[in-house]
Amino acid sequence: MTTEPRRARRSLPKRTVRLCALATALAIFALAWLTINARPWQAEAKAAPDPRVAALEGRERLLQLKATDVRHVVYERFASYRERLEARKKAIAAAERRHRRELKRAKRAAAIAARTPRYVTATVPVVRTVALAPVTKTKSS
Amino acid sequence: MRAHAFQSMGTTVECLVDHEASSFDEVEDEFRRLEEIFTRFDGASELSQLNRNGSLAVGADLLELTELALEARERTGGRFDPTVHDAVVAAGYDRTFADLDPDAPVDSEHGKPCGGRVVVDRASSRIELGEGVRLDFGGIAKGYAVDRACDLLAEQGSCLVNAGGDLAVRGRPSQGVWPVEVETPAGPVTLGLESGALATSGSDRRRWLRGGVEKHHLIDPASGRPAETDLLRVTVAAGSAVEGEVLAKALYFAGAKQAVTEADELGIPCVLVLGDGGAVTAGGLE
């Protein structure tokens, strides 16, 4: 008679222990589930962005703006340079043409001066047709 | 640019200067002084005295102009000749152009001979004319005056002097050249003159009637009569106004074809206006 209750007393804690273990396991599982489901690592990232990244991003935006400005300035300067280059090329071409004309005239004048008797004097005028408003006119005298 | 105009030598003289300081009195005085020497319409002029006497000790200007004219006669083979006086008078141009009488009778249908003897003795400043030879300088005297006036004005800066078509420049204006209009049948052409002179000779002006026949003042020394050529007008660029006047007449009397050939060959920039209404440039004029 005395051994049976003892067995009962011994078996009851064992069951209780199992129940307790199961309950504990469930509790741990639930806690883990809640913890994982809450994604604490994301919240931490949102709450505190890296200041170095933010600074780099700001600097990148600033550099992009500056690069746009520089590209604009370079484009304008290049356009202006091209205009001046074209004008300079035209001026050089005109000077070369004038030089060739003057050389031709000088040669002609030298050839004329070498003749005897001379028809014209060695002094050669410098004249060409122009597209300017006349200041006076020549007519039969 | 400042402009000033006055009457002298039977035409309007126009002075242009590219500066502020110029006084034109000296230029006017010089033109009037030279007109008094070279005119054939005033019996008291030095030229008239020479033509009357056949020999005269003359001043430096008449001496120099006669030498220039004789040198031009030599150079142009007689196409330019200062001994055309009697031929011009025979054609009816015996008084100032404004006083010409269209109803006066014809002196002679035949030309008066030109090319007579003229001797210049620089040592004694004396000019001697052959028998029956008389001088008329016409345009070359105007050219001479233009060159002298330009020299006077040039002391103060760049300038242009234009005496009825004979013009010369000294120095360049601010725009680089002196733009001068030349009339052609196709419209005006503008020549930009950097240095030298322009002169125009033609039969389109100074025309008159004599015995019902139209005459003009350009006497061809070869015939002693008003020239008959297929050219109406010649504008020439030259080193000086005197030179321009000589070359313009030489090319005018040559006729269009010969004038183009000579202008190209000798490098005389010119605009030739033809009697039939055409125009051509020659002598390297671009």
# chains A, B, ... in the order shown; residues from 1 in each chain; ligands from 1
>>> residues_around(residues="stretch 134-138 of chain B", least_positions_apart="5", cutoff="7 Å", atoms="only C-alpha atoms", output="PyMOL selection string")
chain B and resi 40+51+82-86
>>> closest_atom_pairs(of="chain B", to="chain A", cutoff="7 Å", atoms="only C-alpha atoms", output="JSON lines")
{"residue": "B:Arg75", "atom": "CA", "partner": "A:Tyr119", "partner_atom": "CA", "distance": 4.9}
{"residue": "B:Thr76", "atom": "CA", "partner": "A:Tyr119", "partner_atom": "CA", "distance": 5.9}
{"residue": "B:Gly139", "atom": "CA", "partner": "A:Ser141", "partner_atom": "CA", "distance": 6.8}
{"residue": "B:Gly164", "atom": "CA", "partner": "A:Ser141", "partner_atom": "CA", "distance": 5.3}
{"residue": "B:Gly165", "atom": "CA", "partner": "A:Thr138", "partner_atom": "CA", "distance": 4.0}
{"residue": "B:Asp166", "atom": "CA", "partner": "A:Ser141", "partner_atom": "CA", "distance": 6.7}
{"residue": "B:Pro179", "atom": "CA", "partner": "A:Pro134", "partner_atom": "CA", "distance": 4.6}
{"residue": "B:Val180", "atom": "CA", "partner": "A:Pro134", "partner_atom": "CA", "distance": 5.0}
{"residue": "B:Glu181", "atom": "CA", "partner": "A:Lys137", "partner_atom": "CA", "distance": 4.3}
{"residue": "B:Val182", "atom": "CA", "partner": "A:Thr138", "partner_atom": "CA", "distance": 5.7}
{"residue": "B:Thr190", "atom": "CA", "partner": "A:Thr129", "partner_atom": "CA", "distance": 5.7}
{"residue": "B:Leu191", "atom": "CA", "partner": "A:Thr129", "partner_atom": "CA", "distance": 4.3}
{"residue": "B:Gly192", "atom": "CA", "partner": "A:Arg128", "partner_atom": "CA", "distance": 5.3}
{"residue": "B:Leu193", "atom": "CA", "partner": "A:Val127", "partner_atom": "CA", "distance": 4.5}
{"residue": "B:Glu194", "atom": "CA", "partner": "A:Val126", "partner_atom": "CA", "distance": 5.3}
{"residue": "B:Ser195", "atom": "CA", "partner": "A:Val126", "partner_atom": "CA", "distance": 5.3}
{"residue": "B:Gly196", "atom": "CA", "partner": "A:Pro125", "partner_atom": "CA", "distance": 4.5}
{"residue": "B:Ala197", "atom": "CA", "partner": "A:Pro125", "partner_atom": "CA", "distance": 6.8}
{"residue": "B:Ala199", "atom": "CA", "partner": "A:Thr138", "partner_atom": "CA", "distance": 7.0}
{"residue": "B:Thr200", "atom": "CA", "partner": "A:Ser140", "partner_atom": "CA", "distance": 4.9}
{"residue": "B:Ser201", "atom": "CA", "partner": "A:Ser140", "partner_atom": "CA", "distance": 4.7}
{"residue": "B:Gly202", "atom": "CA", "partner": "A:Ser140", "partner_atom": "CA", "distance": 5.1}
{"residue": "B:Asp204", "atom": "CA", "partner": "A:Ser140", "partner_atom": "CA", "distance": 7.0}
{"residue": "B:Arg205", "atom": "CA", "partner": "A:Ser140", "partner_atom": "CA", "distance": 6.1}
{"residue": "B:Arg233", "atom": "CA", "partner": "A:Ser140", "partner_atom": "CA", "distance": 6.9}
{"residue": "B:Ala237", "atom": "CA", "partner": "A:Pro125", "partner_atom": "CA", "distance": 6.2}
{"residue": "B:Ala238", "atom": "CA", "partner": "A:Pro125", "partner_atom": "CA", "distance": 5.1}
{"residue": "B:Gly239", "atom": "CA", "partner": "A:Thr123", "partner_atom": "CA", "distance": 4.8}
{"residue": "B:Leu266", "atom": "CA", "partner": "A:Ile112", "partner_atom": "CA", "distance": 6.4}
{"residue": "B:Gly267", "atom": "CA", "partner": "A:Arg108", "partner_atom": "CA", "distance": 6.4}
{"residue": "B:Leu285", "atom": "CA", "partner": "A:Arg128", "partner_atom": "CA", "distance": 5.9}
{"residue": "B:Glu286", "atom": "CA", "partner": "A:Arg128", "partner_atom": "CA", "distance": 5.5}
>>> write_last_selection(atoms="N, CA and C atoms", output="mmCIF file, in the first residue's frame")
data_model
loop_
_atom_site.group_PDB
_atom_site.id
_atom_site.type_symbol
_atom_site.label_atom_id
_atom_site.label_comp_id
_atom_site.auth_asym_id
_atom_site.auth_seq_id
_atom_site.Cartn_x
_atom_site.Cartn_y
_atom_site.Cartn_z
ATOM 1 N N ARG B 75 56.888 109.225 -122.448
ATOM 2 C CA ARG B 75 56.555 107.886 -121.942
ATOM 3 C C ARG B 75 55.378 107.268 -122.671
ATOM 4 N N THR B 76 54.389 108.099 -123.039
ATOM 5 C CA THR B 76 53.163 107.560 -123.648
ATOM 6 C C THR B 76 53.233 107.576 -125.172
ATOM 7 N N GLY B 139 43.831 118.796 -117.440
ATOM 8 C CA GLY B 139 43.692 117.925 -116.266
ATOM 9 C C GLY B 139 44.961 117.732 -115.468
ATOM 10 N N GLY B 164 37.198 117.581 -108.908
ATOM 11 C CA GLY B 164 36.365 117.207 -110.050
ATOM 12 C C GLY B 164 36.708 115.864 -110.653
ATOM 13 N N GLY B 165 37.113 114.916 -109.839
ATOM 14 C CA GLY B 165 37.393 113.569 -110.354
ATOM 15 C C GLY B 165 38.843 113.165 -110.257
ATOM 16 N N ASP B 166 39.757 114.132 -110.226
ATOM 17 C CA ASP B 166 41.171 113.816 -109.987
ATOM 18 C C ASP B 166 41.391 113.871 -108.490
ATOM 19 N N PRO B 179 37.010 104.858 -99.489
ATOM 20 C CA PRO B 179 36.096 104.312 -100.497
ATOM 21 C C PRO B 179 35.655 105.403 -101.487
ATOM 22 N N VAL B 180 35.895 105.152 -102.761
ATOM 23 C CA VAL B 180 35.574 106.144 -103.798
ATOM 24 C C VAL B 180 34.665 105.488 -104.836
ATOM 25 N N GLU B 181 33.574 106.164 -105.140
ATOM 26 C CA GLU B 181 32.609 105.610 -106.093
ATOM 27 C C GLU B 181 33.021 105.899 -107.526
ATOM 28 N N VAL B 182 32.909 104.882 -108.356
ATOM 29 C CA VAL B 182 33.147 105.029 -109.800
ATOM 30 C C VAL B 182 31.855 104.612 -110.491
ATOM 31 N N THR B 190 32.686 100.626 -106.009
ATOM 32 C CA THR B 190 33.445 101.379 -105.000
ATOM 33 C C THR B 190 34.870 100.848 -104.929
ATOM 34 N N LEU B 191 35.811 101.741 -105.153
ATOM 35 C CA LEU B 191 37.220 101.375 -105.054
ATOM 36 C C LEU B 191 37.751 101.853 -103.705
ATOM 37 N N GLY B 192 38.438 100.970 -103.010
ATOM 38 C CA GLY B 192 39.051 101.325 -101.725
ATOM 39 C C GLY B 192 40.510 101.687 -101.963
ATOM 40 N N LEU B 193 40.806 102.968 -101.789
ATOM 41 C CA LEU B 193 42.161 103.449 -102.086
ATOM 42 C C LEU B 193 42.945 103.559 -100.772
ATOM 43 N N GLU B 194 44.014 102.788 -100.677
ATOM 44 C CA GLU B 194 44.861 102.851 -99.467
ATOM 45 C C GLU B 194 45.938 103.906 -99.637
ATOM 46 N N SER B 195 46.465 103.992 -100.856
ATOM 47 C CA SER B 195 47.483 105.006 -101.132
ATOM 48 C C SER B 195 47.446 105.317 -102.616
ATOM 49 N N GLY B 196 47.976 106.471 -102.978
ATOM 50 C CA GLY B 196 48.029 106.847 -104.383
ATOM 51 C C GLY B 196 46.898 107.775 -104.780
ATOM 52 N N ALA B 197 46.405 107.572 -106.006
ATOM 53 C CA ALA B 197 45.436 108.528 -106.553
ATOM 54 C C ALA B 197 44.514 107.833 -107.544
ATOM 55 N N ALA B 199 42.168 108.950 -111.097
ATOM 56 C CA ALA B 199 41.824 110.010 -112.050
ATOM 57 C C ALA B 199 40.894 109.432 -113.103
ATOM 58 N N THR B 200 39.968 110.253 -113.546
ATOM 59 C CA THR B 200 39.012 109.809 -114.562
ATOM 60 C C THR B 200 39.041 110.777 -115.735
ATOM 61 N N SER B 201 39.144 110.213 -116.922
ATOM 62 C CA SER B 201 39.038 111.014 -118.143
ATOM 63 C C SER B 201 37.948 110.419 -119.004
ATOM 64 N N GLY B 202 37.140 111.280 -119.584
ATOM 65 C CA GLY B 202 36.086 110.767 -120.443
ATOM 66 C C GLY B 202 35.445 111.869 -121.253
ATOM 67 N N ASP B 204 32.197 112.101 -121.538
ATOM 68 C CA ASP B 204 30.810 112.243 -121.096
ATOM 69 C C ASP B 204 30.553 113.576 -120.406
ATOM 70 N N ARG B 205 31.602 114.311 -120.091
ATOM 71 C CA ARG B 205 31.432 115.653 -119.516
ATOM 72 C C ARG B 205 32.221 116.644 -120.369
ATOM 73 N N ARG B 233 34.715 106.468 -120.894
ATOM 74 C CA ARG B 233 35.344 107.016 -119.695
ATOM 75 C C ARG B 233 36.366 106.017 -119.171
ATOM 76 N N ALA B 237 43.914 104.080 -111.381
ATOM 77 C CA ALA B 237 44.603 104.266 -110.090
ATOM 78 C C ALA B 237 46.093 104.397 -110.387
ATOM 79 N N ALA B 238 46.724 105.348 -109.740
ATOM 80 C CA ALA B 238 48.137 105.606 -110.007
ATOM 81 C C ALA B 238 48.816 106.090 -108.729
ATOM 82 N N GLY B 239 50.133 106.248 -108.830
ATOM 83 C CA GLY B 239 50.894 106.677 -107.658
ATOM 84 C C GLY B 239 50.595 108.111 -107.246
ATOM 85 N N LEU B 266 51.016 96.404 -118.076
ATOM 86 C CA LEU B 266 51.794 97.368 -117.291
ATOM 87 C C LEU B 266 51.319 97.486 -115.844
ATOM 88 N N GLY B 267 50.254 96.745 -115.510
ATOM 89 C CA GLY B 267 49.768 96.774 -114.135
ATOM 90 C C GLY B 267 49.167 98.116 -113.752
ATOM 91 N N LEU B 285 42.945 94.931 -111.088
ATOM 92 C CA LEU B 285 41.951 95.451 -110.136
ATOM 93 C C LEU B 285 40.981 94.334 -109.779
ATOM 94 N N GLU B 286 40.892 94.045 -108.473
ATOM 95 C CA GLU B 286 40.014 92.941 -108.035
ATOM 96 C C GLU B 286 38.799 93.494 -107.319
#
>>> residues_around(residues="B:Phe24", least_positions_apart="2", cutoff="12 Å", atoms="only C-alpha atoms", output="ChimeraX atom specification")
/B:2-6,13-17,20-22,26-31,149-150,152-154,156,159,161
>>> residues_around(residues="B:Lys142", least_positions_apart="2", cutoff="8 Å", atoms="only C-alpha atoms", output="PyMOL selection string")
chain B and resi 9+138-140+144-146+163+166+242
>>> write_last_selection(atoms="N, CA and C atoms", output="PDB file, in the first residue's frame")
ATOM      1  N   MET B   9      39.744 126.178-110.388  1.00  0.00           N
ATOM      2  CA  MET B   9      40.101 125.508-111.639  1.00  0.00           C
ATOM      3  C   MET B   9      38.865 124.984-112.381  1.00  0.00           C
ATOM      4  N   GLY B 138      45.402 121.548-118.899  1.00  0.00           N
ATOM      5  CA  GLY B 138      44.115 120.893-118.595  1.00  0.00           C
ATOM      6  C   GLY B 138      44.174 120.079-117.308  1.00  0.00           C
ATOM      7  N   GLY B 139      43.831 118.796-117.440  1.00  0.00           N
ATOM      8  CA  GLY B 139      43.692 117.925-116.266  1.00  0.00           C
ATOM      9  C   GLY B 139      44.961 117.732-115.468  1.00  0.00           C
ATOM     10  N   ILE B 140      46.104 117.748-116.138  1.00  0.00           N
ATOM     11  CA  ILE B 140      47.352 117.475-115.408  1.00  0.00           C
ATOM     12  C   ILE B 140      47.647 118.606-114.410  1.00  0.00           C
ATOM     13  N   TYR B 144      48.241 118.122-110.538  1.00  0.00           N
ATOM     14  CA  TYR B 144      49.397 118.719-109.854  1.00  0.00           C
ATOM     15  C   TYR B 144      48.931 119.451-108.587  1.00  0.00           C
ATOM     16  N   ALA B 145      47.852 120.215-108.725  1.00  0.00           N
ATOM     17  CA  ALA B 145      47.317 120.956-107.571  1.00  0.00           C
ATOM     18  C   ALA B 145      46.811 120.007-106.490  1.00  0.00           C
ATOM     19  N   VAL B 146      46.175 118.917-106.919  1.00  0.00           N
ATOM     20  CA  VAL B 146      45.673 117.923-105.958  1.00  0.00           C
ATOM     21  C   VAL B 146      46.829 117.317-105.161  1.00  0.00           C
ATOM     22  N   ALA B 163      39.539 116.965-106.918  1.00  0.00           N
ATOM     23  CA  ALA B 163      39.224 118.128-107.752  1.00  0.00           C
ATOM     24  C   ALA B 163      38.499 117.642-108.999  1.00  0.00           C
ATOM     25  N   ASP B 166      39.757 114.132-110.226  1.00  0.00           N
ATOM     26  CA  ASP B 166      41.171 113.816-109.987  1.00  0.00           C
ATOM     27  C   ASP B 166      41.391 113.871-108.490  1.00  0.00           C
ATOM     28  N   VAL B 242      48.855 113.392-110.799  1.00  0.00           N
ATOM     29  CA  VAL B 242      49.456 113.763-112.091  1.00  0.00           C
ATOM     30  C   VAL B 242      49.610 112.509-112.955  1.00  0.00           C
TER      31      VAL B 242
END
>>> atom_distance(atom1="atom CA of B:Gln7", atom2="atom CA of B:Leu34")
13.2 Å
